[in-house]
$ cat data07.txt   # compact mmCIF, C-alpha atoms and all ligand atoms
# COMPACT_ATOMS: atom_id res chain seq x y z
CA MET A 1271 162.48 24.22 89.01
CA ASN A 1272 163.39 26.88 86.48
CA ALA A 1273 166.00 26.78 83.76
CA LEU A 1274 168.80 28.72 85.50
CA SER A 1275 172.03 26.88 86.26
CA ALA A 1276 175.79 27.25 85.85
CA ASN A 1277 175.32 25.96 82.29
CA THR A 1278 172.47 28.29 81.40
CA PRO A 1279 173.26 31.53 83.22
CA PRO A 1280 170.73 34.38 83.26
CA ARG A 1281 170.64 36.76 80.26
CA ASN A 1282 168.55 39.50 81.81
CA ILE A 1283 169.25 40.33 85.43
CA VAL A 1284 167.14 42.88 87.28
CA VAL A 1285 168.35 44.19 90.64
CA LEU A 1286 166.34 46.15 93.21
CA ALA A 1287 168.79 48.50 94.93
CA GLY A 1288 169.37 51.37 97.33
CA GLY A 1289 172.37 53.71 97.22
CA VAL A 1290 175.76 52.86 98.66
CA GLY A 1291 175.16 49.16 99.40
CA GLY A 1292 173.25 48.89 96.14
CA ALA A 1293 176.14 50.42 94.20
CA LYS A 1294 178.67 48.03 95.75
CA TYR A 1295 176.44 45.10 94.92
CA LEU A 1296 175.93 46.29 91.34
CA LEU A 1297 179.71 46.41 90.82
CA GLY A 1298 179.65 42.65 91.47
CA VAL A 1299 176.55 42.03 89.36
CA ARG A 1300 178.17 43.92 86.48
CA GLU A 1301 181.31 41.80 86.88
CA TYR A 1302 179.21 38.61 86.82
CA ALA A 1303 177.30 39.88 83.79
CA ARG A 1304 180.51 40.66 81.91
CA GLU A 1305 181.74 37.12 82.46
CA HIS A 1306 178.45 35.55 81.42
CA GLY A 1307 177.23 37.92 78.71
CA ALA A 1308 174.18 39.16 80.62
CA GLU A 1309 172.38 42.51 80.66
CA VAL A 1310 171.77 44.24 83.99
CA THR A 1311 168.94 46.61 84.89
CA ALA A 1312 168.77 48.23 88.31
CA ILE A 1313 165.46 49.42 89.76
CA VAL A 1314 166.59 52.09 92.19
CA ASN A 1315 165.01 53.57 95.32
CA THR A 1316 163.95 57.18 94.88
CA GLY A 1317 162.32 57.47 98.30
CA ASP A 1318 165.35 59.44 99.53
CA ASP A 1319 164.93 62.07 96.80
CA ALA A 1320 164.54 65.65 97.92
CA THR A 1321 164.44 69.20 96.61
CA MET A 1322 167.02 71.48 98.23
CA HIS A 1323 168.03 74.98 97.09
CA GLY A 1324 165.61 74.42 94.23
CA LEU A 1325 167.57 71.41 93.02
CA ARG A 1326 166.16 67.93 92.59
CA ILE A 1327 168.48 65.47 94.31
CA CYS A 1328 168.37 61.68 93.86
CA PRO A 1329 170.95 60.30 96.29
CA ASP A 1330 170.60 56.59 95.52
CA LEU A 1331 170.56 56.99 91.74
CA ASP A 1332 173.61 59.26 91.97
CA SER A 1333 175.53 56.96 94.32
CA ILE A 1334 175.08 54.15 91.83
CA MET A 1335 175.80 56.31 88.77
CA TYR A 1336 179.02 57.75 90.23
CA THR A 1337 180.20 54.40 91.60
CA LEU A 1338 179.60 52.40 88.42
CA GLY A 1339 180.92 55.30 86.37
CA GLY A 1340 184.18 55.25 88.37
CA GLY A 1341 183.73 58.78 89.72
CA HIS A 1342 182.75 58.19 93.37
CA ASP A 1343 184.78 59.10 96.43
CA GLN A 1344 185.76 55.80 98.00
CA GLU A 1345 187.09 57.33 101.20
CA ARG A 1346 184.10 59.54 102.00
CA GLY A 1347 181.76 56.79 100.88
CA TRP A 1348 179.43 59.08 98.94
CA GLY A 1349 179.58 61.80 96.31
CA GLN A 1350 182.23 62.45 93.70
CA VAL A 1351 185.98 62.11 93.93
CA GLY A 1352 187.92 65.38 93.73
CA GLU A 1353 184.85 67.27 94.96
CA THR A 1354 185.02 70.91 96.07
CA TRP A 1355 182.52 72.77 98.27
CA THR A 1356 182.58 76.41 97.16
CA VAL A 1357 178.88 76.77 96.32
CA GLY A 1358 177.84 75.12 99.59
CA GLU A 1359 180.08 77.47 101.60
CA GLU A 1360 178.57 80.46 99.81
CA LEU A 1361 175.04 79.23 100.54
CA LYS A 1362 175.97 78.93 104.21
CA GLU A 1363 177.24 82.53 104.19
CA TYR A 1364 173.75 83.53 103.09
CA GLY A 1365 172.24 81.39 105.82
CA ALA A 1366 170.41 79.53 103.07
CA GLY A 1367 169.22 76.21 104.44
CA PRO A 1368 169.28 73.36 104.84
CA THR A 1369 172.75 73.78 106.34
CA TRP A 1370 172.94 70.14 107.49
CA PHE A 1371 173.07 68.82 103.93
CA SER A 1372 176.38 69.17 102.06
CA LEU A 1373 176.30 69.63 98.33
CA GLY A 1374 179.55 69.45 96.39
CA ASP A 1375 180.19 71.66 93.38
CA LYS A 1376 180.45 68.76 90.94
CA ASP A 1377 177.37 67.18 92.43
CA ILE A 1378 175.46 70.43 91.98
CA ALA A 1379 176.13 70.23 88.23
CA THR A 1380 174.35 66.85 88.16
CA HIS A 1381 171.38 68.29 90.04
CA LEU A 1382 171.24 71.35 87.77
CA VAL A 1383 171.03 69.19 84.67
CA ARG A 1384 168.43 66.94 86.30
CA THR A 1385 166.29 69.81 87.57
CA GLN A 1386 166.38 71.58 84.22
CA MET A 1387 165.31 68.45 82.36
CA LEU A 1388 162.53 67.68 84.85
CA ASP A 1389 161.29 71.27 84.56
CA ALA A 1390 161.27 70.88 80.78
CA GLY A 1391 158.91 67.93 81.20
CA TYR A 1392 161.17 64.91 80.86
CA ARG A 1393 160.43 61.93 83.10
CA LEU A 1394 163.02 60.98 85.75
CA THR A 1395 163.62 57.76 83.79
CA GLU A 1396 164.62 59.82 80.74
CA VAL A 1397 166.67 62.25 82.81
CA THR A 1398 168.55 59.35 84.42
CA GLU A 1399 169.30 57.89 81.01
CA ALA A 1400 170.65 61.26 79.85
CA LEU A 1401 172.90 61.60 82.93
CA CYS A 1402 174.12 58.03 82.43
CA ALA A 1403 175.12 58.82 78.84
CA ARG A 1404 178.01 60.68 80.43
CA TRP A 1405 178.82 58.21 83.24
CA GLN A 1406 178.43 54.99 81.24
CA PRO A 1407 177.63 52.75 84.22
CA ASN A 1408 177.10 49.76 81.90
CA VAL A 1409 174.03 48.91 83.91
CA ARG A 1410 170.65 50.34 82.95
CA LEU A 1411 169.47 52.52 85.82
CA LEU A 1412 165.72 52.91 86.28
CA PRO A 1413 164.15 54.97 89.06
CA MET A 1414 161.50 52.86 90.82
CA SER A 1415 158.87 55.35 89.61
CA ASP A 1416 158.62 58.57 87.64
CA ASP A 1417 156.21 59.82 90.28
CA ARG A 1418 157.42 61.45 93.45
CA VAL A 1419 157.21 59.07 96.39
CA GLU A 1420 159.24 60.36 99.32
CA THR A 1421 159.99 58.54 102.54
CA HIS A 1422 159.04 60.56 105.61
CA VAL A 1423 159.78 59.52 109.15
CA VAL A 1424 157.41 59.92 112.08
CA CYS A 1425 159.46 61.03 115.06
CA THR A 1426 159.53 63.40 118.00
CA LEU A 1427 162.08 66.15 117.46
CA PRO A 1428 164.14 67.63 120.32
CA ASP A 1429 162.00 70.09 122.32
CA ALA A 1430 158.82 69.01 120.52
CA GLU A 1431 155.89 67.60 122.42
CA GLN A 1432 154.10 66.00 119.51
CA PRO A 1433 155.52 63.66 116.90
CA SER A 1434 155.80 65.01 113.38
CA ALA A 1435 156.80 63.62 110.00
CA ILE A 1436 160.10 64.83 108.59
CA HIS A 1437 161.82 63.99 105.32
CA PHE A 1438 163.99 60.87 105.42
CA GLN A 1439 167.12 62.92 104.64
CA GLU A 1440 166.59 65.16 107.64
CA TRP A 1441 166.09 62.14 109.93
CA TRP A 1442 169.14 60.34 108.50
CA VAL A 1443 171.61 63.17 107.94
CA ARG A 1444 170.59 65.85 110.42
CA TYR A 1445 169.44 63.72 113.35
CA ARG A 1446 171.46 60.57 112.53
CA THR A 1447 168.26 58.64 113.47
CA LYS A 1448 168.83 59.64 117.11
CA VAL A 1449 165.28 60.87 117.80
CA PRO A 1450 162.38 58.79 119.16
CA THR A 1451 160.90 57.27 115.99
CA THR A 1452 157.70 55.35 115.43
CA GLY A 1453 157.37 54.74 111.71
CA PHE A 1454 157.88 55.49 108.03
CA VAL A 1455 155.38 56.83 105.52
CA GLN A 1456 155.61 57.05 101.75
CA VAL A 1457 154.33 60.47 100.81
CA GLY A 1458 152.78 60.44 97.34
CA ALA A 1459 152.47 56.67 97.13
CA GLU A 1460 148.72 56.69 96.40
CA GLN A 1461 149.30 58.48 93.11
CA ALA A 1462 152.46 56.60 92.12
CA ALA A 1463 153.07 53.67 89.81
CA PRO A 1464 156.11 51.87 88.47
CA SER A 1465 157.17 53.21 85.07
CA ALA A 1466 156.50 51.23 81.90
CA GLU A 1467 160.26 50.60 81.73
CA VAL A 1468 160.28 49.05 85.22
CA LEU A 1469 157.31 46.82 84.44
CA ALA A 1470 158.87 45.70 81.14
CA ALA A 1471 162.22 44.98 82.82
CA LEU A 1472 160.57 42.79 85.46
CA LYS A 1473 158.59 40.97 82.79
CA GLU A 1474 161.63 40.29 80.63
CA ALA A 1475 163.97 39.34 83.48
CA ASP A 1476 165.14 35.77 83.93
CA LEU A 1477 166.60 36.54 87.34
CA ILE A 1478 165.52 39.18 89.85
CA LEU A 1479 167.89 40.03 92.68
CA LEU A 1480 167.43 42.14 95.78
CA ALA A 1481 170.68 43.93 96.69
CA PRO A 1482 171.70 43.69 100.37
CA SER A 1483 170.39 47.24 100.70
CA ASN A 1484 168.52 48.55 103.72
CA PRO A 1485 165.33 46.45 103.77
CA VAL A 1486 163.22 49.19 105.37
CA VAL A 1487 164.26 52.46 103.72
CA SER A 1488 165.78 51.24 100.42
CA ILE A 1489 164.07 47.99 99.39
CA GLY A 1490 160.91 48.85 101.35
CA PRO A 1491 160.08 52.02 99.38
CA ILE A 1492 160.60 50.22 96.05
CA LEU A 1493 158.20 47.47 97.09
CA GLY A 1494 155.83 50.14 98.40
CA VAL A 1495 155.17 51.63 94.96
CA PRO A 1496 151.63 50.47 94.17
CA GLY A 1497 151.82 47.68 91.58
CA MET A 1498 155.46 46.77 92.27
CA ARG A 1499 154.74 43.75 94.47
CA GLU A 1500 152.20 42.48 91.95
CA ALA A 1501 154.72 42.91 89.11
CA LEU A 1502 157.29 40.94 91.09
CA ARG A 1503 154.77 38.26 91.92
CA ASP A 1504 153.73 37.95 88.25
CA ALA A 1505 157.31 37.86 86.95
CA ALA A 1506 158.46 34.58 85.43
CA ALA A 1507 161.93 34.99 86.94
CA PRO A 1508 162.88 33.71 90.40
CA VAL A 1509 163.41 36.43 93.01
CA ILE A 1510 166.49 36.02 95.18
CA GLY A 1511 167.36 38.37 98.02
CA THR A 1512 170.68 38.88 99.78
CA ALA A 1513 170.95 39.73 103.46
CA GLY A 1514 172.54 43.05 104.41
CA LEU A 1515 172.81 41.89 108.00
CA ILE A 1516 175.64 39.56 108.94
CA ASN A 1517 175.48 37.94 112.37
CA GLY A 1518 172.69 40.34 113.35
CA ALA A 1519 174.45 43.59 112.40
CA PRO A 1520 174.46 45.76 109.29
CA LEU A 1521 177.82 46.13 107.57
CA ARG A 1522 177.37 49.86 107.51
CA GLY A 1523 174.48 52.25 107.86
CA MET A 1524 171.58 51.96 110.24
CA ALA A 1525 169.45 49.08 109.03
CA ASP A 1526 169.28 47.80 112.62
CA VAL A 1527 167.69 51.07 113.78
CA CYS A 1528 165.18 50.98 110.91
CA LEU A 1529 164.21 47.38 111.66
CA GLN A 1530 163.75 48.22 115.32
CA VAL A 1531 161.35 51.04 114.39
CA ILE A 1532 159.09 48.67 112.44
CA GLY A 1533 159.39 45.92 115.06
CA VAL A 1534 161.35 43.38 113.02
CA GLU A 1535 164.06 41.36 114.76
CA GLN A 1536 167.56 42.28 113.60
CA THR A 1537 168.54 38.99 111.99
CA ALA A 1538 168.91 37.96 108.35
CA LEU A 1539 166.13 35.37 108.69
CA ALA A 1540 163.71 37.82 110.30
CA VAL A 1541 164.25 40.22 107.40
CA ALA A 1542 163.41 37.47 104.87
CA ASP A 1543 160.33 36.59 106.89
CA TYR A 1544 159.33 40.26 106.79
CA LEU A 1545 159.81 40.46 102.99
CA GLY A 1546 157.77 37.28 102.72
CA ALA A 1547 157.56 34.29 100.42
CA ARG A 1548 156.36 34.98 96.91
CA SER A 1549 154.00 32.03 97.16
CA ALA A 1550 152.38 33.68 100.20
CA ASP A 1551 151.87 37.31 99.13
CA GLY A 1552 155.51 38.25 99.72
CA VAL A 1553 158.30 38.77 97.20
CA LEU A 1554 161.02 36.15 97.80
CA ASP A 1555 161.72 32.72 96.36
CA GLY A 1556 165.21 32.46 97.83
CA TRP A 1557 167.32 34.24 100.43
CA LEU A 1558 171.07 34.28 100.68
CA VAL A 1559 172.61 34.67 104.13
CA ALA A 1560 176.15 34.74 105.53
CA PRO A 1561 177.70 31.51 106.85
CA GLY A 1562 176.16 30.70 110.23
CA ASP A 1563 173.07 32.88 109.68
CA GLY A 1564 171.03 30.14 107.97
CA GLY A 1565 167.91 28.28 109.05
CA THR A 1566 164.59 27.28 107.57
CA LEU A 1567 161.82 29.57 106.43
CA ASP A 1568 158.33 28.76 105.23
CA ALA A 1569 158.31 28.68 101.39
CA ILE A 1570 161.61 30.57 101.03
CA SER A 1571 164.77 28.61 100.14
CA VAL A 1572 167.73 29.72 102.26
CA ALA A 1573 171.39 29.26 101.31
CA GLU A 1574 174.59 30.39 102.98
CA ALA A 1575 177.47 32.11 101.18
CA PRO A 1576 180.19 34.62 102.10
CA LEU A 1577 178.46 37.99 101.82
CA LEU A 1578 181.30 40.49 102.34
CA MET A 1579 181.43 42.82 99.35
CA SER A 1580 185.17 43.42 99.69
CA ASP A 1581 185.64 43.89 95.94
CA ALA A 1582 183.76 43.33 92.68
CA GLY A 1583 185.16 39.80 92.36
CA ALA A 1584 183.99 38.74 95.82
CA THR A 1585 180.60 40.34 95.14
CA ALA A 1586 180.33 38.55 91.78
CA GLN A 1587 180.73 35.32 93.78
CA MET A 1588 177.64 36.33 95.76
CA VAL A 1589 175.79 36.63 92.47
CA THR A 1590 176.99 33.18 91.44
CA ALA A 1591 175.60 31.85 94.74
CA ALA A 1592 172.30 33.62 94.03
CA VAL A 1593 172.14 32.06 90.54
CA GLU A 1594 172.74 28.60 92.07
CA LEU A 1595 169.99 29.19 94.59
CA ALA A 1596 167.70 30.45 91.82
CA GLY A 1597 168.21 27.16 90.00
CA GLN A 1598 166.80 25.30 92.99
CA VAL A 1599 163.64 27.30 93.67
CA ARG A 1600 160.13 26.94 92.22
P1 LIG B 1701 172.07 53.61 101.16
O1 LIG B 1701 170.86 53.85 100.29
O2 LIG B 1701 173.23 54.45 100.78
O3 LIG B 1701 171.75 53.62 102.61
O4 LIG B 1701 172.55 52.15 100.85
P2 LIG B 1701 171.78 50.79 100.73
O5 LIG B 1701 170.46 50.80 101.39
O6 LIG B 1701 171.85 50.35 99.31
O7 LIG B 1701 172.77 49.83 101.49
C1 LIG B 1701 172.97 49.84 102.88
C2 LIG B 1701 173.03 48.40 103.35
O8 LIG B 1701 174.11 47.70 102.70
C3 LIG B 1701 173.28 48.29 104.84
O9 LIG B 1701 172.12 47.77 105.47
C4 LIG B 1701 174.48 47.34 104.95
O10 LIG B 1701 174.33 46.35 105.92
C5 LIG B 1701 174.59 46.71 103.58
N1 LIG B 1701 175.97 46.39 103.26
C6 LIG B 1701 177.01 47.26 103.17
N2 LIG B 1701 178.17 46.59 102.89
C7 LIG B 1701 177.83 45.26 102.82
C8 LIG B 1701 178.58 44.04 102.57
O11 LIG B 1701 179.80 44.05 102.35
N3 LIG B 1701 177.86 42.87 102.56
C9 LIG B 1701 176.51 42.82 102.79
N4 LIG B 1701 175.90 41.62 102.78
N5 LIG B 1701 175.79 43.93 103.04
C10 LIG B 1701 176.43 45.13 103.05
CA CA B 1702 169.50 55.62 100.28

$ encode --input "data07.txt" --output "structure tokens"
Amino acid sequence: MNALSANTPPRNIVVLAGGVGGAKYLLGVREYAREHGAEVTAIVNTGDDATMHGLRICPDLDSIMYTLGGGHDQERGWGQVGETWTVGEELKEYGAGPTWFSLGDKDIATHLVRTQMLDAGYRLTEVTEALCARWQPNVRLLPMSDDRVETHVVCTLPDAEQPSAIHFQEWWVRYRTKVPTTGFVQVGAEQAAPSAEVLAALKEADLILLAPSNPVVSIGPILGVPGMREALRDAAAPVIGTAGLINGAPLRGMADVCLQVIGVEQTALAVADYLGARSADGVLDGWLVAPGDGGTLDAISVAEAPLLMSDAGATAQMVTAAVELAGQVR
């Protein structure tokens, strides 16, 4: 048993998160933290990052930054509100690719600042902090690594005879995952490490949460940074995950497709089993599932709670349920 309970809530919460689902979850974590006087640090997937038109783009960091900063487009589900597309249209007129990836004018400003700072030698952690000085997300955003680790997807493209590896963005946005796919690789992983900031955050945390983000292409790449699993395993804080699948289906996105590719059954319990128990070389102490999705797992405590992130208040309730579960593990 650890010290967390309703009477002694966590002070330092660390969340592992992907983009859109991660952002929604963090709205709830921030709400919980406001009520309980806690600090929140998000360790964010950068496996989706790409360079396009010479610009360094970090989709998951930006989704979270815009959402927590109140500047995201709720209807479109990504990017900034009040966005215009003049630069992108001009690029298309030149036939400058990739044409399947839309970049808004406001968004381009973010990428210009980021690219300039990276070129000047700043680490992505420092660049993210500088961008957040404007957006004030009230959550500390840390890229999972300052090193480039990009998710590539092994698939057979239309008209191709041999499989090839393409960037995650091309697979997701251009092909909508609708090509025969056999696996994911993390390009650059051998040379990558978590930043000192990430390692310190995990060490100082008294609660570590996994957002209900895509377990394969959002949480997976974070855990795939060499040293990350060890840092989680060595952390004093309990690690509680939240299922992104409810009744065997993702709420949005294509987590089911990704699970199929790696041969994991598309249920909340199977995902927890795949992430593994911390006491057995995995990462989890506890796993939160939707009502009716529960069951028993070896060395992972499972609890049921409503998991629909309909608004920040409902999502904060999910965090309360995670804190309660954390009080019961280890
Ligand atoms: P991405 O990086 O933009 O793809 O976003 P994430 O990986 O962070 O989040 C996508 C995941 O969030 C999907 O697998 C969804 O099932 C999950 N998700 C979205 N909305 C909800 C919700 O209301 N509740 C839960 N439990 N999961 C959700
Ligand atoms: Ca993503």

$ residues_around --input "data07.txt" --residues "stretch 1522-1530 of chain A" --least-positions-apart "3" --cutoff "10 Å" --atoms "only C-alpha atoms" --output "number ranges by chain"
A: 1290-1291, 1442, 1446-1448, 1451-1454, 1483-1488, 1514-1515, 1518-1519, 1533-1537, 1540-1541, 1544

$ closest_atom_pairs --input "data07.txt" --of "chain A" --to "ligand CA 1702 (chain B)" --cutoff "10 Å" --atoms "all atoms listed in the file" --output "Markdown table"
| residue | atom | partner | partner_atom | distance |
| --- | --- | --- | --- | --- |
| A:Ala1287 | CA | B:CA1702 | CA | 8.9 |
| A:Gly1288 | CA | B:CA1702 | CA | 5.2 |
| A:Gly1289 | CA | B:CA1702 | CA | 4.6 |
| A:Val1290 | CA | B:CA1702 | CA | 7.0 |
| A:Gly1291 | CA | B:CA1702 | CA | 8.6 |
| A:Gly1292 | CA | B:CA1702 | CA | 8.7 |
| A:Val1314 | CA | B:CA1702 | CA | 9.3 |
| A:Asn1315 | CA | B:CA1702 | CA | 7.0 |
| A:Thr1316 | CA | B:CA1702 | CA | 7.9 |
| A:Gly1317 | CA | B:CA1702 | CA | 7.7 |
| A:Asp1318 | CA | B:CA1702 | CA | 5.7 |
| A:Asp1319 | CA | B:CA1702 | CA | 8.6 |
| A:Cys1328 | CA | B:CA1702 | CA | 8.9 |
| A:Pro1329 | CA | B:CA1702 | CA | 6.3 |
| A:Asp1330 | CA | B:CA1702 | CA | 5.0 |
| A:Leu1331 | CA | B:CA1702 | CA | 8.7 |
| A:Asp1332 | CA | B:CA1702 | CA | 10.0 |
| A:Ser1333 | CA | B:CA1702 | CA | 8.6 |
| A:Phe1438 | CA | B:CA1702 | CA | 9.2 |
| A:Gln1439 | CA | B:CA1702 | CA | 8.8 |
| A:Trp1442 | CA | B:CA1702 | CA | 9.5 |
| A:Ser1483 | CA | B:CA1702 | CA | 8.4 |
| A:Asn1484 | CA | B:CA1702 | CA | 7.9 |
| A:Val1487 | CA | B:CA1702 | CA | 7.0 |
| A:Ser1488 | CA | B:CA1702 | CA | 5.7 |
| A:Ile1489 | CA | B:CA1702 | CA | 9.4 |
| A:Gly1523 | CA | B:CA1702 | CA | 9.7 |

$ residues_near_point --input "data07.txt" --point "(178.0, 38.5, 84.5)" --cutoff "10 Å" --atoms "all atoms listed in the file" --output "mmCIF file with C-alpha atoms, in the coordinates of the input"
data_model
loop_
_atom_site.group_PDB
_atom_site.id
_atom_site.type_symbol
_atom_site.label_atom_id
_atom_site.label_comp_id
_atom_site.auth_asym_id
_atom_site.auth_seq_id
_atom_site.Cartn_x
_atom_site.Cartn_y
_atom_site.Cartn_z
ATOM 1 C CA PRO A 1279 173.260 31.530 83.220
ATOM 2 C CA PRO A 1280 170.730 34.380 83.260
ATOM 3 C CA ARG A 1281 170.640 36.760 80.260
ATOM 4 C CA ASN A 1282 168.550 39.500 81.810
ATOM 5 C CA ILE A 1283 169.250 40.330 85.430
ATOM 6 C CA GLY A 1298 179.650 42.650 91.470
ATOM 7 C CA VAL A 1299 176.550 42.030 89.360
ATOM 8 C CA ARG A 1300 178.170 43.920 86.480
ATOM 9 C CA GLU A 1301 181.310 41.800 86.880
ATOM 10 C CA TYR A 1302 179.210 38.610 86.820
ATOM 11 C CA ALA A 1303 177.300 39.880 83.790
ATOM 12 C CA ARG A 1304 180.510 40.660 81.910
ATOM 13 C CA GLU A 1305 181.740 37.120 82.460
ATOM 14 C CA HIS A 1306 178.450 35.550 81.420
ATOM 15 C CA GLY A 1307 177.230 37.920 78.710
ATOM 16 C CA ALA A 1308 174.180 39.160 80.620
ATOM 17 C CA GLU A 1309 172.380 42.510 80.660
ATOM 18 C CA VAL A 1310 171.770 44.240 83.990
ATOM 19 C CA ALA A 1586 180.330 38.550 91.780
ATOM 20 C CA VAL A 1589 175.790 36.630 92.470
ATOM 21 C CA THR A 1590 176.990 33.180 91.440
#

$ residues_near_point --input "data07.txt" --point "(182.8, 54.2, 81.8)" --cutoff "7 Å" --atoms "only C-alpha atoms" --output "list of chain:residue names"
A:Gly1339, A:Gly1340, A:Trp1405, A:Gln1406, A:Pro1407

$ atom_distance --input "data07.txt" --atom1 "atom CA of A:Asp1504" --atom2 "atom CA of A:Leu1469"
10.3 Å

$ atom_distance --input "data07.txt" --atom1 "atom CA of A:Leu1411" --atom2 "atom CA of A:Ala1475"
14.5 Å

$ closest_residue --input "data07.txt" --among "A:Met1588, A:Leu1539, A:Leu1558, A:Met1414" --to "A:Gly1494" --atoms "all atoms listed in the file"
A:Met1414

$ atom_distance --input "data07.txt" --atom1 "atom CA of A:Arg1444" --atom2 "atom CA of A:Trp1370"
5.7 Å

$ axis_aligned_box --input "data07.txt" --around "ligand LIG 1701 (chain B)" --padding-each-side "4 Å" --output "JSON"
{"center_x": 175.1, "center_y": 48.0, "center_z": 102.6, "size_x": 17.3, "size_y": 20.8, "size_z": 14.6}

$ residues_around --input "data07.txt" --residues "A:Leu1427" --least-positions-apart "3" --cutoff "9 Å" --atoms "all atoms listed in the file" --output "PyMOL selection string"
chain A and resi 1430-1434+1445+1449-1450

$ residues_around --input "data07.txt" --residues "A:Ile1516" --least-positions-apart "4" --cutoff "8 Å" --atoms "only C-alpha atoms" --output "PyMOL selection string"
chain A and resi 1520-1521+1537-1538+1559-1560+1563+1577

$ closest_residue --input "data07.txt" --among "A:Glu1467, A:Asp1551, A:Glu1440, A:Glu1353" --to "A:Arg1499" --atoms "all atoms listed in the file"
A:Asp1551
